[in-house]
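In what follows, a single structure is set out as C-alpha cells and then discussed.
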Protein chains: 2
Amino acid sequence: MNTKLSIEEVLTRGVEQVLPSQDGLAKLMAGQKIRLYLGIDPTGNQLHLGHAVVLRKMQQFVDLGHEVILLIGNGTVKIGDPSGRDKTRPMLTDEVIEENFQTWKDQASQVLDFSRVEVKRNADWMDDLDFTDMVKLMSKFTLQQLLERDMFQDRMKNNRPIFMHELIYPIMQGFDSVVMDVDLELGGNDQLFNMMVGRQLMKESRGKDKFVLAMRLLVGSDGRKMGKSLGNFISLTATPENMFGQIMASVDSVIPEYFRLLTDVPETEIESMEQAMAAGENPLAFKKRLAFVITSWLHGEPAAEAAREHFERTVQQKELPAEMPELAVPAGEMTLLDLVFLSGAVASRSKARRLIEQGGVELAGERLIDPQASVNPNSGDILRVGKRQYFRLR
Amino acid sequence: MNTKLSIEEVLTRGVEQVLPSQDGLAKLMAGQKIRLYLGIDPTGNQLHLGHAVVLRKMQQFVDLGHEVILLIGNGTVKIGDPSGRDKTRPMLTDEVIEENFQTWKDQASQVLDFSRVEVKRNADWMDDLDFTDMVKLMSKFTLQQLLERDMFQDRMKNNRPIFMHELIYPIMQGFDSVVMDVDLELGGNDQLFNMMVGRQLMKESRGKDKFVLAMRLLVGSDGRKMGKSLGNFISLTATPENMFGQIMASVDSVIPEYFRLLTDVPETEIESMEQAMAAGENPLAFKKRLAFVITSWLHGEPAAEAAREHFERTVQQKELPAEMPELAVPAGEMTLLDLVFLSGAVASRSKARRLIEQGGVELAGERLIDPQASVNPNSGDILRVGKRQYFRLR
C-alpha cells in the first residue's frame, strides 16, 4: 500500500455505495482534510480477510492524508450489535472488552498503521449519558424506523425475541458520529442501516451531512457467504504457509473479487484474468499470484516467498519441506493418539482422534487410521499431521 | 371517609382486578403494614371525578394504616406516558413539571390527606441512571413483550409512529417499584400493562411478588368513555353549585357506578336503587342523593346543602337565586356581546358570542340571540349567562 491511490479509486474500488453521493464526497475530499471513522466492536473476534477489506480501505484514507479515527465501541459493546445475528449476545465486562481490543489491535496492525490513526473509545461519552440524554436520543427515532432493518424484520417474522437494548443499538452508534463530528463513516455493507441512522442523527443534531461509505462484503473462500460456522474464512493470524495454502484451497470463482478487495492489482489486469479463466485457462497461476500478493501484504515478501515454496513442495510436488521441526519422543511404545497429541499440532485429543480416523496422519510414510494403534517410532522417522505439518522424530 | 372499611371492602369495591390474587394481598395486609404507591404524571391535567376514584382508594389504604407513597413521575414525565394516546407528547421542562404538580396537589388535597402520605419524585433515581443502567434495564424486556400493549398495537396497525422513548415508558415506570421496594401498586385499569411490567421487573430484581390493584375506570357523565375532547367529566375544581348541577345533568345510567366508585353508600342500598329504577321509578331522588354525597365529600356538607338549594331554585323551580352578584355597567348603550363579556362569566369574546347565539343569555327576562344587539340596561335588571349564572345590574 505504498502507492498513493487517487480519490476516485479510493471511493470506488470494492465500494458497494457512497451515500448520499460519491461525487459529493469526492469534492469534499479534494478541498479539505476530512474526518472519518470506522467503528469496531471489541467482542473477541478472530480477524480474517473479511475484516481486512475495511481496514485496507481505512488505511487508504490514512495514505491520502485524512484524519482517520478508529472507534472502539467499548460503550456500545455493552449493548451488543445485533447485526446479522439471530440471537442475543451476553454483555461483556470492561476487562474482557479491553483484552479483546488488544487482541484485535495485534491482528489489525498487519493492515493498519496505528501510528497514523487516532484511537477513541465511545465509553468516554456513553458513560456520561444520563437518563434525560437517553430519552432525548430515543425520542428522535420511531420504532417503525428501527424495525426497517432486515434482521429485526426476520426476528419478528420468526417470533424470535428482539431485546429492547438491541433495538437502540443503531441510535447509540449514530450518537458516536455526532460526538466526533465526523464527515464520513466507513463500514461493511452490513453496517449500512446503522451508519444511516447516524447520518440522520447528525443532520438533526448538527445540521450536517455525514457521508457513508459501505464496502462490499468479502465472500467466503468456498464461494458462499462468510460465516463463522462455515469455517470459510482465512484468519489474519494464519501463518504465512497456512494463509498461502488456504488461499490456494479457495474456489476459483472468488479470485477476481479477492484481487479487487484485497490487493492493488489494477482493475485492467483483473479483468484480463477473468477473461482468460472464462476462456478455459487454468486458474492456478492467478490463484498463486493472489496468494502471494495477499501473503506478502500481511507477512512481508520473504515470508510469502517461503510460503509459496512450501506450498509448491508439499502440495504441488508432494515433497517434504526442506526444514521441519524436531519432535522429541519418549522411548518405548505409545499410542498413535498420544504421539499426535504430543506433537502439539492439534488443539485437543478429540481433534487428534478425528484427524487420525479421517486418514490425516502418516508415520514413516505409512497412513495409520487407528488412534489406539501402538507405535514405537525410530529416531529420524517423519510424522505428518494434517496436510502440511511435518515433524522429524528423535 | 371516616368509617374504617374492612380489608375485603377495600380490595373489592370499585376494583377491576388484583393480581396475582386478591386473597394473597388480603393475607399480606392482615399480617403487616404494607408499602404501596400510586404514580402520577404531573402533566398539568385538570383533575376530575375519574382521578378521584383512585385517590379515594389510596386514602382507604391510608385509613387502614398502611404506608402510602404518592410518586410524582417527574423523571418518567420526561418520556411522556403514551397510555391511551395516539399521539406523542412534547417533553416538559422541570419548571413546568413542578408547577403542574402544585396545581395537581391543590386539587388532590380535596380527596387525599397529604399529611399521611409520603411524596416521592422519581427523578431522584431516574437522574442517577447512566447508560449502562439503562441498557441493563432494557435488556430485561423484549420488543414483543412491550408491543403487547393494545395502544402500541393500534399505532402499528394504523401506521402511526411509536417513538422509541415512549416504548420504554413501562420499563422506567416499573423501575420505580424496584427502587421503592413496594408491596403493591395502585392504578386505574388503563395502567395495568405498565403495572405488570413493574411486577416482572420486581420479580427479576428482588425476587419479590409485587401486587397490582387496578381500579375500574369511571365512565363519563354522558355514559360514554371519559375523554377530554368529549367534555364529559366533572372537575374537582368545579364550584359546589356547578358540581351538583353537573352530576344532576348526568345520564341516569351512571348513577349506580358513580355511587360505587365515589361514595361509601353500601352496596345493598345501591342495588335497591338499581332495582327501583329498573322497575320504572324516577331516578331524580337517587341522583340528588348522589350529587349531595359527592359534593359533601369534596366541598363539605354545608356547601353541598347550599348547592342543592341553588339547584332546586334555579333549575327545578326556575326561580332566581336568593343572592346574586352585582354587575356595575357603564351608562349608555353597548352591544349585548360587550355586556356578557363584561360579566366575566365567560372566558373569551368568542365563547360569549356562541353562548348568545345558542340562546343562553337573558336580559330583564328576555332571551336575546344577537350578539351585536344594542342594549341599554336599567339598574336592577337581571342578566342570566348560561344556565346558572345570574347578575344584578346597576
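For the C-alpha cells, the naming scheme is as follows: chains receive sequential letters (A, B, ...) according to their order of presentation, residues are indexed from 1 within each chain, and ligands are indexed from 1 in presentation order.
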
Segment 91-232 of chain B: which residues are strand (DSSP E) by DSSP, as a PyMOL selection string? chain B and resi 118-121+184-188+211-215

Superposition RMSD [C-alpha atoms, order-paired], chain B onto chain A: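 The superposed chains show a C-alpha RMSD of 0.2 Å.
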
Write out as number ranges by chain each polymer residue whose atoms come within 8 Å of Phe141 of chain A, counting only C-alpha atoms; drop sequence neighbours fewer than 6 positions from it. A: 171; B: 163-164

Could you list, with a cut-off of 10 Å and counting only C-alpha atoms, the residues of chain A near chain B, each shown with its nearest atom pair and the distance in Å rounded to one decimal, rows sorted by chain and ascending number, as CSV?
```
residue,atom,partner,partner_atom,distance
A:Gly75,CA,B:Thr132,CA,8.3
A:Thr76,CA,B:Thr132,CA,9.5
A:Lys78,CA,B:Thr132,CA,7.2
A:Ile79,CA,B:Val135,CA,6.4
A:Thr88,CA,B:Ser139,CA,9.6
A:Pro90,CA,B:Ser139,CA,9.9
A:Met91,CA,B:Lys136,CA,8.9
A:Ala123,CA,B:Phe131,CA,9.2
A:Trp125,CA,B:Phe131,CA,9.6
A:Met126,CA,B:Phe131,CA,6.2
A:Asp127,CA,B:Phe131,CA,5.8
A:Asp128,CA,B:Asp130,CA,7.1
A:Leu129,CA,B:Phe131,CA,5.6
A:Asp130,CA,B:Asp130,CA,4.6
A:Phe131,CA,B:Leu129,CA,5.6
A:Thr132,CA,B:Lys78,CA,7.2
A:Asp133,CA,B:Phe131,CA,9.1
A:Met134,CA,B:Phe131,CA,7.4
A:Val135,CA,B:His165,CA,5.5
A:Lys136,CA,B:His165,CA,7.6
A:Leu137,CA,B:His165,CA,8.2
A:Met138,CA,B:His165,CA,5.0
A:Ser139,CA,B:His165,CA,5.1
A:Lys140,CA,B:Phe163,CA,7.3
A:Phe141,CA,B:Phe163,CA,5.8
A:Thr142,CA,B:Phe163,CA,4.0
A:Leu143,CA,B:Ile162,CA,5.5
A:Gln144,CA,B:Pro161,CA,6.7
A:Gln145,CA,B:Pro161,CA,8.8
A:Leu146,CA,B:Met164,CA,9.0
A:Met156,CA,B:Gln144,CA,8.0
A:Asn159,CA,B:Gln144,CA,8.4
A:Arg160,CA,B:Gln144,CA,8.8
A:Pro161,CA,B:Thr142,CA,5.9
A:Ile162,CA,B:Thr142,CA,5.3
A:Phe163,CA,B:Thr142,CA,4.0
A:Met164,CA,B:Met138,CA,5.1
A:His165,CA,B:Met138,CA,5.0
A:Glu166,CA,B:Ser139,CA,7.7
A:Leu167,CA,B:Leu143,CA,8.0
A:Ile168,CA,B:Met164,CA,8.1
A:Tyr169,CA,B:Val135,CA,9.8
A:Ile171,CA,B:Met164,CA,10.0
A:Met172,CA,B:Phe131,CA,9.9
```

Any chance you could export the current selection's C-alpha atoms as a PDB file, in the first residue's frame?
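File produced: result_21.pdb:
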```pdb
ATOM      1  CA  GLY A  75     -19.637   1.646  25.284  1.00  0.00           C
ATOM      2  CA  THR A  76     -21.917   0.234  22.616  1.00  0.00           C
ATOM      3  CA  LYS A  78     -22.401  -3.274  26.381  1.00  0.00           C
ATOM      4  CA  ILE A  79     -25.439  -3.405  24.168  1.00  0.00           C
ATOM      5  CA  THR A  88     -28.860 -12.045  21.634  1.00  0.00           C
ATOM      6  CA  PRO A  90     -24.279 -11.638  26.501  1.00  0.00           C
ATOM      7  CA  MET A  91     -22.946  -8.392  27.992  1.00  0.00           C
ATOM      8  CA  ALA A 123     -17.497   4.629  26.570  1.00  0.00           C
ATOM      9  CA  TRP A 125     -19.074   9.693  26.097  1.00  0.00           C
ATOM     10  CA  MET A 126     -21.590   6.900  26.507  1.00  0.00           C
ATOM     11  CA  ASP A 127     -20.784   6.738  30.212  1.00  0.00           C
ATOM     12  CA  ASP A 128     -21.609  10.438  30.529  1.00  0.00           C
ATOM     13  CA  LEU A 129     -25.108   9.947  29.185  1.00  0.00           C
ATOM     14  CA  ASP A 130     -27.847  10.156  31.754  1.00  0.00           C
ATOM     15  CA  PHE A 131     -31.492   9.244  31.669  1.00  0.00           C
ATOM     16  CA  THR A 132     -32.550  12.531  30.091  1.00  0.00           C
ATOM     17  CA  ASP A 133     -29.929  12.298  27.375  1.00  0.00           C
ATOM     18  CA  MET A 134     -31.012   8.781  26.556  1.00  0.00           C
ATOM     19  CA  VAL A 135     -34.660   9.778  26.401  1.00  0.00           C
ATOM     20  CA  LYS A 136     -33.835  12.672  24.100  1.00  0.00           C
ATOM     21  CA  LEU A 137     -31.830  10.453  21.783  1.00  0.00           C
ATOM     22  CA  MET A 138     -34.543   7.850  21.675  1.00  0.00           C
ATOM     23  CA  SER A 139     -37.222  10.436  21.038  1.00  0.00           C
ATOM     24  CA  LYS A 140     -35.621  11.176  17.672  1.00  0.00           C
ATOM     25  CA  PHE A 141     -36.467   7.747  16.268  1.00  0.00           C
ATOM     26  CA  THR A 142     -39.586   5.727  15.873  1.00  0.00           C
ATOM     27  CA  LEU A 143     -39.901   2.031  16.386  1.00  0.00           C
ATOM     28  CA  GLN A 144     -41.064   1.758  12.806  1.00  0.00           C
ATOM     29  CA  GLN A 145     -37.824   3.277  11.506  1.00  0.00           C
ATOM     30  CA  LEU A 146     -35.673   0.898  13.501  1.00  0.00           C
ATOM     31  CA  MET A 156     -40.349 -10.520  14.231  1.00  0.00           C
ATOM     32  CA  ASN A 159     -41.138 -14.913  16.642  1.00  0.00           C
ATOM     33  CA  ARG A 160     -37.610 -14.609  17.925  1.00  0.00           C
ATOM     34  CA  PRO A 161     -37.105 -12.081  20.704  1.00  0.00           C
ATOM     35  CA  ILE A 162     -35.706  -8.628  19.989  1.00  0.00           C
ATOM     36  CA  PHE A 163     -34.433  -7.282  23.258  1.00  0.00           C
ATOM     37  CA  MET A 164     -35.005  -3.615  23.854  1.00  0.00           C
ATOM     38  CA  HIS A 165     -31.338  -2.808  24.299  1.00  0.00           C
ATOM     39  CA  GLU A 166     -30.600  -4.345  20.918  1.00  0.00           C
ATOM     40  CA  LEU A 167     -33.184  -2.175  19.293  1.00  0.00           C
ATOM     41  CA  ILE A 168     -31.461   1.025  20.382  1.00  0.00           C
ATOM     42  CA  TYR A 169     -28.052  -0.084  19.148  1.00  0.00           C
ATOM     43  CA  ILE A 171     -29.176   5.053  17.774  1.00  0.00           C
ATOM     44  CA  MET A 172     -26.275   4.763  20.145  1.00  0.00           C
TER      45      MET A 172
END
```

List the neighbours of Val251 of chain A out to 7 Å using only C-alpha atoms; skip same-chain residues closer than 5 positions along the sequence, and give me the result as JSON, numbers by chain. {"A": [221, 222, 223]}

With distances taken over only C-alpha atoms, which residue among B:Asn189, B:Thr263, B:Ser235, B:Ser229 lies nearest Arg56 of chain B?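 Selected residue with least distance to Arg56 of chain B: B:Thr263.
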
From the set B:Asn378, B:Ser177, B:Asn158, B:Ser350, which residue has the shortest atom-to-atom contact distance to Pro330 of chain B, counting only C-alpha atoms?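 Comparing B:Asn378, B:Ser177, B:Asn158, B:Ser350 against Pro330 of chain B, the winner is B:Asn378.
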
Excluding Val254 of chain B and any residue of its chain fewer than 5 positions from it, enumerate the residues within 10 Å of it, using only C-alpha atoms, and give them as a count of residues only. 10

Between atom CA of Gln46 of chain B and atom CA of Glu95 of chain B, what is the spacing in Å?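 Answer for the atom CA of Glu95 of chain B to atom CA of Gln46 of chain B separation: 17.8 Å.
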
Separation of atom CA of Ala352 of chain B from atom CA of Asp370 of chain B in Å: 11.1 Å

Could you tell me how far atom CA of Phe244 of chain A sits from atom CA of Leu342 of chain A, in Å to one decimal place?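 Between atom CA of Leu342 of chain A and atom CA of Phe244 of chain A the gap is 26.0 Å.
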